[in-house]
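Data block for my_file.txt (compact mmCIF, C-alpha atoms):
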```
# COMPACT_ATOMS: atom_id res chain seq x y z
CA MET Q 1 85.34 -65.05 165.37
CA ASN Q 2 87.16 -63.41 162.48
CA PRO Q 3 90.44 -61.63 163.31
CA PRO Q 4 90.40 -57.81 163.11
CA ARG Q 5 90.96 -56.51 159.62
CA ARG Q 6 94.38 -54.99 159.00
CA GLY Q 7 94.69 -51.43 157.81
CA THR Q 8 95.97 -50.36 154.41
CA PRO Q 9 99.68 -49.77 153.76
CA ASP Q 10 100.93 -46.21 154.07
CA PHE Q 11 100.15 -44.76 150.64
CA LEU Q 12 102.62 -41.88 150.86
CA LEU Q 13 105.57 -44.16 151.68
CA LEU Q 14 104.54 -46.56 148.92
CA LEU Q 15 104.37 -43.65 146.48
CA LEU Q 16 107.79 -42.36 147.55
CA THR Q 17 109.26 -45.84 147.06
CA PHE Q 18 107.75 -46.02 143.58
CA VAL Q 19 109.16 -42.56 142.72
CA LEU Q 20 112.67 -43.48 143.92
CA VAL Q 21 112.68 -46.79 142.01
CA CYS Q 22 111.50 -45.18 138.76
CA PHE Q 23 114.01 -42.35 139.12
CA GLY Q 24 116.74 -44.91 139.76
CA LEU Q 25 115.86 -46.87 136.63
CA ALA Q 26 115.96 -43.70 134.55
CA MET Q 27 119.35 -42.71 135.95
CA VAL Q 28 120.79 -46.21 135.50
CA PHE Q 29 119.76 -46.10 131.84
CA SER Q 30 121.36 -42.69 131.36
CA ALA Q 31 124.55 -43.48 133.32
CA SER Q 32 125.11 -46.92 131.77
CA SER Q 33 124.16 -46.24 128.15
CA MET Q 34 127.76 -45.96 126.94
CA THR Q 35 129.05 -48.89 129.01
CA SER Q 36 126.11 -51.02 127.89
CA ALA Q 37 126.96 -50.27 124.26
CA TYR Q 38 130.00 -52.54 124.60
CA TYR Q 39 127.58 -55.42 125.15
CA GLY Q 40 125.72 -54.49 121.96
CA ASP Q 41 122.66 -53.32 123.87
CA PRO Q 42 122.31 -49.83 125.42
CA TRP Q 43 119.64 -51.30 127.72
CA ALA Q 44 121.88 -54.09 129.11
CA PHE Q 45 122.27 -52.78 132.67
CA THR Q 46 118.77 -51.33 132.73
CA LYS Q 47 117.29 -54.73 131.85
CA LYS Q 48 119.22 -56.38 134.66
CA GLN Q 49 118.01 -53.68 137.03
CA LEU Q 50 114.43 -54.20 135.86
CA ILE Q 51 114.70 -57.90 136.66
CA ALA Q 52 115.92 -57.02 140.16
CA VAL Q 53 113.05 -54.55 140.54
CA GLY Q 54 110.57 -57.23 139.46
CA ILE Q 55 111.90 -59.80 141.94
CA GLY Q 56 112.16 -57.18 144.67
CA THR Q 57 108.59 -55.99 144.04
CA ILE Q 58 107.29 -59.54 144.45
CA GLY Q 59 109.21 -59.75 147.73
CA MET Q 60 107.84 -56.37 148.81
CA LEU Q 61 104.23 -57.36 148.09
CA PHE Q 62 104.72 -60.65 149.95
CA CYS Q 63 106.19 -58.95 153.03
CA MET Q 64 103.63 -56.16 152.88
CA ASN Q 65 100.78 -58.67 153.10
CA LEU Q 66 102.54 -60.86 155.69
CA HIS Q 67 102.08 -59.80 159.32
CA TYR Q 68 105.55 -58.56 160.25
CA THR Q 69 105.54 -60.42 163.60
CA LYS Q 70 105.63 -63.71 161.66
CA LEU Q 71 109.15 -62.77 160.55
CA LYS Q 72 110.34 -63.67 164.05
CA LYS Q 73 109.97 -67.36 163.18
CA LEU Q 74 112.04 -66.91 160.02
CA VAL Q 75 114.86 -64.86 161.53
CA ILE Q 76 116.86 -67.71 163.08
CA PRO Q 77 117.02 -69.95 159.96
CA ALA Q 78 117.66 -66.87 157.78
CA PHE Q 79 120.52 -65.82 160.07
CA PHE Q 80 122.25 -69.21 159.89
CA PHE Q 81 121.77 -69.31 156.13
CA ILE Q 82 123.34 -65.89 155.61
CA VAL Q 83 126.26 -66.75 157.90
CA ILE Q 84 127.01 -69.80 155.75
CA ALA Q 85 126.72 -67.65 152.62
CA LEU Q 86 129.14 -65.08 154.07
CA ILE Q 87 131.65 -67.80 154.94
CA PHE Q 88 131.67 -69.46 151.53
CA VAL Q 89 131.70 -66.20 149.55
CA ILE Q 90 135.18 -65.52 150.91
CA PHE Q 91 136.49 -68.39 148.78
CA THR Q 92 134.97 -67.12 145.53
CA THR Q 93 136.95 -65.34 142.81
CA LYS Q 94 137.93 -61.79 143.71
CA ALA Q 95 136.44 -58.89 141.76
CA ASN Q 96 137.72 -55.34 142.28
CA GLY Q 97 139.89 -56.63 145.13
CA ALA Q 98 137.06 -58.26 147.10
CA SER Q 99 135.31 -61.62 147.27
CA SER Q 100 131.75 -60.39 147.75
CA TRP Q 101 129.63 -61.98 145.01
CA TYR Q 102 128.22 -65.31 143.96
CA THR Q 103 128.00 -65.43 140.18
CA LEU Q 104 124.82 -66.92 138.73
CA GLY Q 105 125.12 -66.69 134.96
CA LYS Q 106 125.09 -62.99 134.09
CA PHE Q 107 123.92 -62.02 137.56
CA GLY Q 108 125.75 -61.56 140.84
CA ILE Q 109 124.33 -62.09 144.33
CA GLN Q 110 125.95 -60.14 147.16
CA PRO Q 111 125.12 -61.83 150.51
CA THR Q 112 126.34 -58.81 152.48
CA GLU Q 113 123.30 -56.82 151.31
CA PHE Q 114 120.96 -59.48 152.69
CA ALA Q 115 123.06 -59.78 155.87
CA LYS Q 116 122.39 -56.16 156.81
CA LEU Q 117 118.62 -56.67 156.77
CA ILE Q 118 118.73 -60.07 158.49
CA VAL Q 119 120.95 -58.84 161.33
CA ILE Q 120 118.61 -55.89 161.92
CA LEU Q 121 115.62 -58.25 162.12
CA TYR Q 122 117.59 -60.67 164.33
CA LEU Q 123 118.47 -57.90 166.79
CA ALA Q 124 114.88 -56.61 166.80
CA SER Q 125 113.62 -60.12 167.59
CA LEU Q 126 116.28 -60.73 170.25
CA ILE Q 127 115.67 -57.44 172.06
CA SER Q 128 111.87 -57.69 171.94
CA ASN Q 129 111.95 -61.27 173.26
CA LYS Q 130 114.27 -60.42 176.18
CA ASP Q 131 112.34 -57.29 177.10
CA GLU Q 132 113.68 -55.97 180.44
CA ASN Q 133 116.39 -58.66 180.57
CA PHE Q 134 118.09 -56.90 177.70
CA ARG Q 135 119.40 -54.34 180.18
CA ASN Q 136 121.38 -57.15 181.78
CA PHE Q 137 124.82 -57.27 180.20
CA LYS Q 138 125.37 -61.04 180.13
CA LYS Q 139 121.81 -62.03 179.24
CA GLY Q 140 120.96 -59.19 176.89
CA LEU Q 141 123.66 -56.98 175.44
CA LEU Q 142 126.50 -59.50 175.21
CA PRO Q 143 124.66 -61.98 172.89
CA ALA Q 144 123.69 -59.09 170.60
CA LEU Q 145 127.28 -57.84 170.46
CA ILE Q 146 128.59 -61.33 169.68
CA VAL Q 147 126.17 -61.66 166.76
CA VAL Q 148 127.02 -58.24 165.31
CA GLY Q 149 130.75 -58.68 165.85
CA PHE Q 150 130.80 -62.11 164.20
CA VAL Q 151 128.93 -60.94 161.09
CA CYS Q 152 131.10 -57.80 160.83
CA PHE Q 153 134.18 -60.03 161.05
CA LEU Q 154 132.95 -62.18 158.15
CA ILE Q 155 132.23 -59.09 156.06
CA MET Q 156 135.69 -57.67 156.76
CA LEU Q 157 137.26 -60.90 155.48
CA GLN Q 158 135.91 -60.13 151.97
CA PRO Q 159 136.97 -57.25 152.63
CA ASP Q 160 134.08 -54.74 152.59
CA LEU Q 161 134.72 -51.90 155.01
CA GLY Q 162 131.77 -49.79 153.82
CA SER Q 163 129.13 -52.47 154.40
CA CYS Q 164 130.75 -53.42 157.71
CA MET Q 165 130.55 -49.82 158.89
CA ILE Q 166 126.89 -49.52 157.83
CA LEU Q 167 125.95 -52.75 159.60
CA PHE Q 168 127.78 -51.69 162.77
CA VAL Q 169 126.12 -48.25 162.91
CA CYS Q 170 122.63 -49.65 162.24
CA SER Q 171 123.09 -52.36 164.87
CA ALA Q 172 124.36 -49.85 167.43
CA ILE Q 173 121.31 -47.64 166.93
CA VAL Q 174 118.90 -50.59 167.17
CA ILE Q 175 120.61 -51.67 170.42
CA MET Q 176 120.40 -48.17 171.89
CA VAL Q 177 116.78 -47.65 170.85
CA GLY Q 178 116.03 -51.11 172.29
CA GLY Q 179 116.73 -49.81 175.79
CA SER Q 180 120.25 -51.02 176.49
CA ASN Q 181 121.88 -49.81 179.70
CA LEU Q 182 123.60 -46.52 178.84
CA LYS Q 183 126.45 -47.31 181.24
CA HIS Q 184 127.17 -50.51 179.33
CA ILE Q 185 126.93 -48.66 176.03
CA PHE Q 186 129.42 -46.00 177.17
CA MET Q 187 131.95 -48.51 178.48
CA LEU Q 188 131.68 -50.73 175.42
CA GLY Q 189 131.68 -47.76 173.08
CA THR Q 190 135.00 -46.56 174.47
CA SER Q 191 136.50 -50.04 174.18
CA LEU Q 192 135.14 -50.64 170.70
CA LEU Q 193 136.38 -47.28 169.44
CA THR Q 194 139.87 -48.16 170.65
CA LEU Q 195 139.78 -51.65 169.16
CA GLY Q 196 138.13 -50.32 166.01
CA ALA Q 197 140.84 -47.70 165.55
CA ILE Q 198 143.52 -50.39 165.88
CA GLY Q 199 141.63 -52.71 163.51
CA VAL Q 200 141.10 -50.02 160.89
CA ALA Q 201 144.75 -49.02 161.14
CA LEU Q 202 145.87 -52.60 160.53
CA TYR Q 203 143.34 -52.93 157.70
CA MET Q 204 144.55 -49.74 156.07
CA LEU Q 205 148.23 -50.73 156.36
CA LYS Q 206 147.67 -54.11 154.69
CA GLY Q 207 148.61 -53.94 151.03
CA GLY Q 208 146.77 -55.53 148.14
CA SER Q 209 147.79 -58.66 146.28
CA ASP Q 210 149.62 -56.51 143.72
CA GLY Q 211 151.66 -54.77 146.40
CA ASN Q 212 149.69 -51.51 146.16
CA ASN Q 213 147.81 -50.22 149.17
CA TYR Q 214 144.59 -48.88 147.64
CA ARG Q 215 143.16 -48.31 151.14
CA ILE Q 216 145.82 -45.74 152.01
CA ASP Q 217 145.38 -44.30 148.52
CA ARG Q 218 141.71 -43.69 149.27
CA ILE Q 219 142.60 -41.68 152.38
CA THR Q 220 145.25 -39.62 150.60
CA SER Q 221 142.92 -39.03 147.65
CA PHE Q 222 140.25 -37.87 150.09
CA MET Q 223 142.62 -35.34 151.64
CA ASP Q 224 143.74 -34.00 148.24
CA PRO Q 225 142.32 -35.84 145.21
CA PHE Q 226 144.05 -33.44 142.78
CA SER Q 227 147.48 -34.53 144.06
CA ASP Q 228 147.08 -37.69 141.95
CA PRO Q 229 144.27 -36.98 139.44
CA GLN Q 230 145.22 -39.88 137.17
CA GLY Q 231 145.71 -42.40 139.97
CA ALA Q 232 144.18 -42.66 143.46
CA GLY Q 233 142.23 -39.42 143.12
CA HIS Q 234 140.87 -40.16 139.63
CA GLN Q 235 137.33 -41.14 140.65
CA VAL Q 236 136.80 -38.24 143.04
CA VAL Q 237 138.30 -35.72 140.60
CA GLN Q 238 136.05 -36.88 137.75
CA SER Q 239 133.09 -36.86 140.12
CA LEU Q 240 133.80 -33.24 141.09
CA TYR Q 241 134.16 -32.35 137.41
CA ALA Q 242 130.69 -33.84 136.89
CA PHE Q 243 129.18 -31.57 139.55
CA GLY Q 244 131.04 -28.60 138.11
CA HIS Q 245 129.74 -29.33 134.61
CA GLY Q 246 126.20 -29.69 135.93
CA GLY Q 247 126.22 -26.31 137.64
CA LEU Q 248 122.92 -25.00 138.90
CA ARG Q 249 120.47 -26.43 136.35
CA GLY Q 250 122.42 -29.36 134.93
CA ALA Q 251 123.45 -30.35 131.42
CA GLY Q 252 120.13 -32.10 130.84
CA PHE Q 253 119.02 -35.70 131.19
CA GLY Q 254 121.23 -37.96 129.09
CA GLN Q 255 123.61 -35.09 128.24
CA GLY Q 256 126.34 -35.83 130.77
CA ILE Q 257 129.87 -36.49 129.52
CA GLN Q 258 131.50 -38.11 132.57
CA LYS Q 259 129.70 -41.39 131.84
CA LEU Q 260 131.62 -41.55 128.54
CA HIS Q 261 134.29 -43.64 130.27
CA TYR Q 262 135.73 -40.69 132.20
CA LEU Q 263 134.10 -41.71 135.49
CA PRO Q 264 134.38 -45.41 136.46
CA GLU Q 265 131.28 -47.09 137.92
CA ALA Q 266 129.09 -44.20 136.75
CA HIS Q 267 125.95 -46.34 136.90
CA ASN Q 268 126.84 -47.85 140.27
CA ASP Q 269 128.76 -46.21 143.13
CA PHE Q 270 129.05 -42.84 141.37
CA ILE Q 271 125.53 -42.47 140.02
CA PHE Q 272 124.92 -39.43 142.23
CA ALA Q 273 127.68 -37.63 140.30
CA ILE Q 274 125.70 -38.27 137.10
CA ILE Q 275 122.59 -36.90 138.83
CA GLY Q 276 124.56 -33.78 139.71
CA GLU Q 277 125.90 -33.39 136.19
CA GLU Q 278 122.66 -33.95 134.31
CA LEU Q 279 120.16 -32.42 136.75
CA GLY Q 280 122.40 -29.86 138.39
CA PHE Q 281 122.40 -28.51 141.93
CA ILE Q 282 118.63 -27.99 141.84
CA GLY Q 283 117.89 -31.56 140.76
CA SER Q 284 120.39 -33.06 143.21
CA SER Q 285 118.99 -31.01 146.09
CA LEU Q 286 115.44 -32.00 145.20
CA PHE Q 287 116.44 -35.66 145.17
CA ILE Q 288 118.10 -35.36 148.61
CA LEU Q 289 115.05 -33.60 150.04
CA ILE Q 290 112.74 -36.35 148.73
CA PHE Q 291 115.05 -39.00 150.18
CA ILE Q 292 115.13 -37.26 153.58
CA PHE Q 293 111.33 -37.05 153.56
CA PHE Q 294 111.22 -40.76 152.66
CA ILE Q 295 113.44 -41.59 155.67
CA TRP Q 296 111.40 -39.38 157.98
CA ARG Q 297 108.15 -40.99 156.88
CA GLY Q 298 109.55 -44.48 157.46
CA ILE Q 299 110.87 -43.65 160.93
CA LEU Q 300 107.53 -42.06 161.83
CA ILE Q 301 105.79 -45.31 160.91
CA ALA Q 302 108.32 -47.32 162.90
CA VAL Q 303 107.93 -45.36 166.14
CA ARG Q 304 104.14 -45.71 165.90
CA SER Q 305 104.41 -49.50 165.75
CA PRO Q 306 102.23 -51.24 168.38
CA ASP Q 307 105.12 -53.47 169.56
CA MET Q 308 108.85 -53.36 170.21
CA PHE Q 309 109.80 -55.71 167.36
CA GLY Q 310 108.08 -53.56 164.74
CA MET Q 311 109.59 -50.37 166.11
CA LEU Q 312 113.15 -51.71 166.22
CA ALA Q 313 112.93 -53.40 162.82
CA GLY Q 314 111.48 -50.26 161.23
CA VAL Q 315 114.01 -47.90 162.80
CA GLY Q 316 116.89 -50.21 161.84
CA ILE Q 317 115.77 -50.46 158.22
CA MET Q 318 115.29 -46.73 157.76
CA VAL Q 319 118.62 -45.97 159.46
CA MET Q 320 120.21 -48.45 157.06
CA PHE Q 321 118.81 -46.52 154.08
CA GLY Q 322 119.71 -43.13 155.49
CA PHE Q 323 123.25 -43.93 156.60
CA GLN Q 324 124.07 -45.82 153.41
CA ALA Q 325 122.89 -42.85 151.33
CA PHE Q 326 125.01 -40.54 153.49
CA VAL Q 327 128.11 -42.72 152.99
CA ASN Q 328 127.56 -42.94 149.24
CA ILE Q 329 126.85 -39.25 148.65
CA GLY Q 330 129.61 -38.23 151.07
CA GLY Q 331 132.17 -40.32 149.18
CA VAL Q 332 131.04 -39.11 145.75
CA THR Q 333 131.19 -35.45 146.78
CA GLY Q 334 134.55 -35.85 148.53
CA THR Q 335 133.04 -35.10 151.94
CA ILE Q 336 134.20 -38.44 153.39
CA PRO Q 337 136.59 -41.14 152.08
CA LEU Q 338 135.25 -43.48 149.41
CA THR Q 339 133.92 -46.82 150.66
CA GLY Q 340 132.22 -48.27 147.59
CA VAL Q 341 128.61 -48.64 148.72
CA THR Q 342 125.54 -48.20 146.54
CA LEU Q 343 122.94 -45.45 146.72
CA PRO Q 344 119.71 -47.23 147.80
CA PHE Q 345 117.03 -47.54 145.08
CA ILE Q 346 119.20 -45.56 142.64
CA SER Q 347 122.49 -47.35 141.92
CA ALA Q 348 122.65 -50.35 139.62
CA GLY Q 349 122.88 -53.49 141.72
CA GLY Q 350 120.47 -56.39 141.84
CA SER Q 351 121.10 -57.46 145.45
CA SER Q 352 120.84 -53.91 146.76
CA MET Q 353 117.59 -53.27 144.90
CA MET Q 354 115.97 -56.55 145.97
CA VAL Q 355 116.90 -56.04 149.63
CA SER Q 356 115.70 -52.43 149.52
CA LEU Q 357 112.28 -53.38 148.16
CA ILE Q 358 111.88 -56.34 150.54
CA SER Q 359 112.78 -54.02 153.41
CA MET Q 360 110.12 -51.58 152.29
CA GLY Q 361 107.61 -54.44 152.27
CA ILE Q 362 108.35 -54.93 155.98
CA ILE Q 363 107.93 -51.20 156.70
CA LEU Q 364 104.64 -51.14 154.79
CA SER Q 365 103.48 -54.19 156.76
CA ILE Q 366 104.25 -52.31 159.97
CA SER Q 367 102.27 -49.33 158.65
CA ARG Q 368 99.18 -51.54 158.44
CA GLU Q 369 99.21 -52.02 162.21
CA GLN Q 370 99.53 -48.43 163.37
CA ILE Q 371 98.18 -47.44 166.79
CA ARG Q 372 94.91 -45.62 166.31
CA LYS Q 373 94.11 -42.56 168.34
CA GLU Q 374 90.68 -43.88 169.27
CA GLU Q 375 92.13 -47.00 170.91
CA PRO Q 376 92.40 -47.01 174.71
CA ALA Q 377 95.81 -46.01 176.11
CA THR Q 378 96.24 -49.46 177.66
CA LYS Q 379 96.56 -50.99 174.22
CA LYS Q 380 99.48 -48.85 173.21
CA ARG Q 381 103.03 -50.10 173.16
CA PRO Q 382 104.71 -49.31 176.50
```

Take the structure in the file and give it back as C-alpha cells.
Amino acid sequence: MNPPRRGTPDFLLLLLTFVLVCFGLAMVFSASSMTSAYYGDPWAFTKKQLIAVGIGTIGMLFCMNLHYTKLKKLVIPAFFFIVIALIFVIFTTKANGASSWYTLGKFGIQPTEFAKLIVILYLASLISNKDENFRNFKKGLLPALIVVGFVCFLIMLQPDLGSCMILFVCSAIVIMVGGSNLKHIFMLGTSLLTLGAIGVALYMLKGGSDGNNYRIDRITSFMDPFSDPQGAGHQVVQSLYAFGHGGLRGAGFGQGIQKLHYLPEAHNDFIFAIIGEELGFIGSSLFILIFIFFIWRGILIAVRSPDMFGMLAGVGIMVMFGFQAFVNIGGVTGTIPLTGVTLPFISAGGSSMMVSLISMGIILSISREQIRKEEPATKKRP
C-alpha cells in the first residue's frame, strides 16, 4: 500500500521567503558597492551572498522535501558536531574582538548560526520524546537546561553576547510552549535572572585585549551616543543620520551617502540603516510589516503541525527570526544597546543566509503535513 501523498508547501510563505531574499540581495549590493570597490569589483559582497543563497536554497529544497520527523535521527549527531565546532572556534584568530569564524579561503563559516537552529531542533526532539515526563524537573526540564546552558557558555567564550541572548530566549520559549511546569519555570527564571545579571555584569566589566572596555562603551553610547560621536557612539550616530537623511520617502535606491565609509558594516549589521536612508520611513515600515506577516505565517503553520516536534521546531525557528530581527533593528535605531547580530535574509553573511534558508525548508516541510479540517478530531495533535 502506497503511503499517503504529502501536501504542497505553503505557497505564501515560500513567496515571502523569496521576496525577502531578493530584497536582501538588492540591499547588500547597494550597501556594499563602495566597500566592494576596494576589491576591484563592486559586486564582490553580492557574489558571495549569491553563493550563500545558492547553497542555502539547495538545503531548503532538500529539507522541504524531507519529512521533518526524520530530522529527529539527525539531531543527536548534529548536536555533537556543532559542540565540537564551537569548542575549536574559540582557538581561531580573533576578528573584531571575537573568535567566531572558521576561514575557508575567502569565505567564513560561523558555527554559532548553525548552533541556534540545531539547539532548537534538539529541544523539540527532547520534549516531544519525553512527552508528559517533561513536566518532571529531573527527567525533563533539567536535561534541557543543561544543554542550553552548555551551548550558551561556549558561545560566550567567543564572546558573542547577541547570539547567546537569542539562543537563550528561543530555547526558553520552546521549553515553555513544550509544556514545562510553570512552577519550575518561575523558580528557575528568578534564579537565572539573578545569575544572568551577575554574569552580564562581570562580562561588561572585563576589558578588551587592548585595555579598552568596548562593552561598557556600547552601554554608554546607547544612553547618549552623541556624547562620543567619533568614538563609542559613532555607529549609532551615523545610523541615526542615515534615517534622518532618508526622511519619509528616502533618498532613492543606491543614493545613500552613509555607505560611503561613514557607517561601518553598512552591508552587514547596519543594513537596516541603509534601508531607512534609501527607502525612507515608508519603505522601512513596509519592510517591517512584511517581515511581521512572514513571522505570523510561519507561526500559524507551526501551531497547526500534527505533532509536538513539528510545532516546537516551527515555533522555535520563527521566534529565532523574529527576535533576531528585533535585536538588530533595535540596535540600529538606538532603541536597545548594540549586540552585533545580522538581520535575517537581509544582512550580508553566508552562514546566516544558509541557516535561514535551511530553517525555512523545515517550516515548509511542516506546512506539507497540516491538519485538514475534514480529518476526524481523533487524528489531531493533542

How many Å lie between atom CA of Arg249 of chain Q and atom CA of Ile282 of chain Q, rounded to one decimal? 6.0 Å

Would you mind reading off the distance between atom CA of Asp160 of chain Q and atom CA of Ser100 of chain Q, one decimal, in Å? 7.8 Å

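Pairwise distance (atom CA of Asp10 of chain Q, atom CA of Gly24 of chain Q) equals 21.4 Å.
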
I want to know what sits within 10 Å of segment 88-90 of chain Q, based on all atoms listed in the file, with residues of the same chain fewer than 5 positions away left out; could you give that as a list in words?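 In the requested form, the answer reads Ile82, Val83, Ala98, Ser99, Ser100, Trp101, Tyr102, Ile109, Gln110, Pro111, Thr112, Leu154, Ile155, Met156, Leu157, Gln158 and Pro159 of chain Q.
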
Non-local contacts of Trp43 of chain Q (12 Å; all atoms listed in the file; under 2 positions in same chain excluded) as a ChimeraX atom specification: /Q:25-41,45-50

Output of the above residues as a PDB file, in the coordinates of the input, restricted to C-alpha atoms:
```pdb
ATOM      1  CA  LEU Q  25     115.860 -46.870 136.630  1.00  0.00           C
ATOM      2  CA  ALA Q  26     115.960 -43.700 134.550  1.00  0.00           C
ATOM      3  CA  MET Q  27     119.350 -42.710 135.950  1.00  0.00           C
ATOM      4  CA  VAL Q  28     120.790 -46.210 135.500  1.00  0.00           C
ATOM      5  CA  PHE Q  29     119.760 -46.100 131.840  1.00  0.00           C
ATOM      6  CA  SER Q  30     121.360 -42.690 131.360  1.00  0.00           C
ATOM      7  CA  ALA Q  31     124.550 -43.480 133.320  1.00  0.00           C
ATOM      8  CA  SER Q  32     125.110 -46.920 131.770  1.00  0.00           C
ATOM      9  CA  SER Q  33     124.160 -46.240 128.150  1.00  0.00           C
ATOM     10  CA  MET Q  34     127.760 -45.960 126.940  1.00  0.00           C
ATOM     11  CA  THR Q  35     129.050 -48.890 129.010  1.00  0.00           C
ATOM     12  CA  SER Q  36     126.110 -51.020 127.890  1.00  0.00           C
ATOM     13  CA  ALA Q  37     126.960 -50.270 124.260  1.00  0.00           C
ATOM     14  CA  TYR Q  38     130.000 -52.540 124.600  1.00  0.00           C
ATOM     15  CA  TYR Q  39     127.580 -55.420 125.150  1.00  0.00           C
ATOM     16  CA  GLY Q  40     125.720 -54.490 121.960  1.00  0.00           C
ATOM     17  CA  ASP Q  41     122.660 -53.320 123.870  1.00  0.00           C
ATOM     18  CA  PHE Q  45     122.270 -52.780 132.670  1.00  0.00           C
ATOM     19  CA  THR Q  46     118.770 -51.330 132.730  1.00  0.00           C
ATOM     20  CA  LYS Q  47     117.290 -54.730 131.850  1.00  0.00           C
ATOM     21  CA  LYS Q  48     119.220 -56.380 134.660  1.00  0.00           C
ATOM     22  CA  GLN Q  49     118.010 -53.680 137.030  1.00  0.00           C
ATOM     23  CA  LEU Q  50     114.430 -54.200 135.860  1.00  0.00           C
TER      24      LEU Q  50
END
```

Neighbour list for segment 339-347 of chain Q as a VMD selection string, cut-off 8 Å, only C-alpha atoms, skip fewer than 5 positions in-chain: chain Q and resid 20 to 21 23 to 25 27 to 28 161 to 163 267 to 272 321 324 to 325 327 to 329 331 352 to 353 356

Which of these, Q:Ile257, Q:Val75, Q:Val237, Q:Ile295, has the shortest distance to Thr333 of chain Q once you count all atoms listed in the file?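 Looking only at the distances to Thr333 of chain Q, the closest residue turns out to be Q:Val237.
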
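Every protein, DNA or RNA residue with an atom at most 12 Å from Ile58 of chain Q, where all atoms listed in the file count and chain neighbours fewer than 2 positions away do not, is listed here: Ile51, Ala52, Val53, Gly54, Ile55, Gly56, Met60, Leu61, Phe62, Cys63, Met64, Asn65, Met354, Val355, Leu357, Ile358, Ser359, Met360 and Gly361 of chain Q.
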
Fewer than 4 positions away in the same chain doesn't count, so skip those; otherwise give me all residues within 9 Å of Tyr262 of chain Q, counting all atoms listed in the file, as a PDB file with C-alpha atoms, in the coordinates of the input.
```
ATOM      1  CA  GLN Q 235     137.330 -41.140 140.650  1.00  0.00           C
ATOM      2  CA  GLN Q 238     136.050 -36.880 137.750  1.00  0.00           C
ATOM      3  CA  ILE Q 257     129.870 -36.490 129.520  1.00  0.00           C
ATOM      4  CA  GLN Q 258     131.500 -38.110 132.570  1.00  0.00           C
ATOM      5  CA  ALA Q 266     129.090 -44.200 136.750  1.00  0.00           C
TER       6      ALA Q 266
END
```

Would you please work out which residue, of Q:Phe150, Q:Phe134, Q:Phe281, Q:Tyr122, is nearest to Gly178 of chain Q when using only C-alpha atoms? Q:Phe134

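If you measure from each of Q:Pro306, Q:Leu66, Q:Ile292, Q:Ile299 to Phe326 of chain Q using all atoms listed in the file, the closest one turns out to be Q:Ile292.
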
Looking at only C-alpha atoms, which of Q:Gly179, Q:Gly149, Q:Pro143, Q:Gly256 is the one that sits closest to Leu312 of chain Q?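 Ranking Q:Gly179, Q:Gly149, Q:Pro143, Q:Gly256 by distance to Leu312 of chain Q, first place goes to Q:Gly179.
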
Just checking: using only C-alpha atoms, which residue out of Q:Ile366, Q:Lys130, Q:Ser171, Q:Ala85 ends up closest to Leu300 of chain Q? Q:Ile366

Choose the residue, out of Q:Phe243, Q:Leu364, Q:Met165, Q:Ser125, that has the smallest atom-to-atom separation from Ser284 of chain Q; count all atoms listed in the file. Q:Phe243

N, CA, C and O atoms are needed for segment 151-160 of chain Q; please write them out as a PDB file, keeping the file's coordinate frame.
```pdb
ATOM      1  N   VAL Q 151     129.316 -61.244 162.472  1.00  0.00           N
ATOM      2  CA  VAL Q 151     128.930 -60.940 161.090  1.00  0.00           C
ATOM      3  C   VAL Q 151     129.844 -59.866 160.508  1.00  0.00           C
ATOM      4  O   VAL Q 151     130.264 -59.953 159.342  1.00  0.00           O
ATOM      5  N   CYS Q 152     130.182 -58.841 161.303  1.00  0.00           N
ATOM      6  CA  CYS Q 152     131.100 -57.800 160.830  1.00  0.00           C
ATOM      7  C   CYS Q 152     132.468 -58.400 160.493  1.00  0.00           C
ATOM      8  O   CYS Q 152     133.104 -58.007 159.507  1.00  0.00           O
ATOM      9  N   PHE Q 153     132.902 -59.357 161.303  1.00  0.00           N
ATOM     10  CA  PHE Q 153     134.180 -60.030 161.050  1.00  0.00           C
ATOM     11  C   PHE Q 153     134.157 -60.757 159.712  1.00  0.00           C
ATOM     12  O   PHE Q 153     135.109 -60.676 158.921  1.00  0.00           O
ATOM     13  N   LEU Q 154     133.066 -61.466 159.421  1.00  0.00           N
ATOM     14  CA  LEU Q 154     132.950 -62.180 158.150  1.00  0.00           C
ATOM     15  C   LEU Q 154     132.939 -61.212 156.972  1.00  0.00           C
ATOM     16  O   LEU Q 154     133.524 -61.497 155.919  1.00  0.00           O
ATOM     17  N   ILE Q 155     132.288 -60.069 157.138  1.00  0.00           N
ATOM     18  CA  ILE Q 155     132.230 -59.090 156.060  1.00  0.00           C
ATOM     19  C   ILE Q 155     133.611 -58.465 155.819  1.00  0.00           C
ATOM     20  O   ILE Q 155     134.008 -58.217 154.677  1.00  0.00           O
ATOM     21  N   MET Q 156     134.361 -58.255 156.901  1.00  0.00           N
ATOM     22  CA  MET Q 156     135.690 -57.670 156.760  1.00  0.00           C
ATOM     23  C   MET Q 156     136.664 -58.626 156.075  1.00  0.00           C
ATOM     24  O   MET Q 156     137.666 -58.196 155.499  1.00  0.00           O
ATOM     25  N   LEU Q 157     136.385 -59.928 156.146  1.00  0.00           N
ATOM     26  CA  LEU Q 157     137.260 -60.900 155.480  1.00  0.00           C
ATOM     27  C   LEU Q 157     137.149 -60.806 153.960  1.00  0.00           C
ATOM     28  O   LEU Q 157     138.013 -61.331 153.247  1.00  0.00           O
ATOM     29  N   GLN Q 158     136.099 -60.148 153.432  1.00  0.00           N
ATOM     30  CA  GLN Q 158     135.910 -60.130 151.970  1.00  0.00           C
ATOM     31  C   GLN Q 158     136.980 -59.315 151.228  1.00  0.00           C
ATOM     32  O   GLN Q 158     137.369 -59.776 150.140  1.00  0.00           O
ATOM     33  N   PRO Q 159     137.433 -58.133 151.561  1.00  0.00           N
ATOM     34  CA  PRO Q 159     136.970 -57.250 152.630  1.00  0.00           C
ATOM     35  C   PRO Q 159     135.973 -56.225 152.087  1.00  0.00           C
ATOM     36  O   PRO Q 159     136.044 -55.847 150.919  1.00  0.00           O
ATOM     37  N   ASP Q 160     135.064 -55.742 152.975  1.00  0.00           N
ATOM     38  CA  ASP Q 160     134.080 -54.740 152.590  1.00  0.00           C
ATOM     39  C   ASP Q 160     133.874 -53.797 153.775  1.00  0.00           C
ATOM     40  O   ASP Q 160     132.972 -53.978 154.588  1.00  0.00           O
TER      41      ASP Q 160
END
```
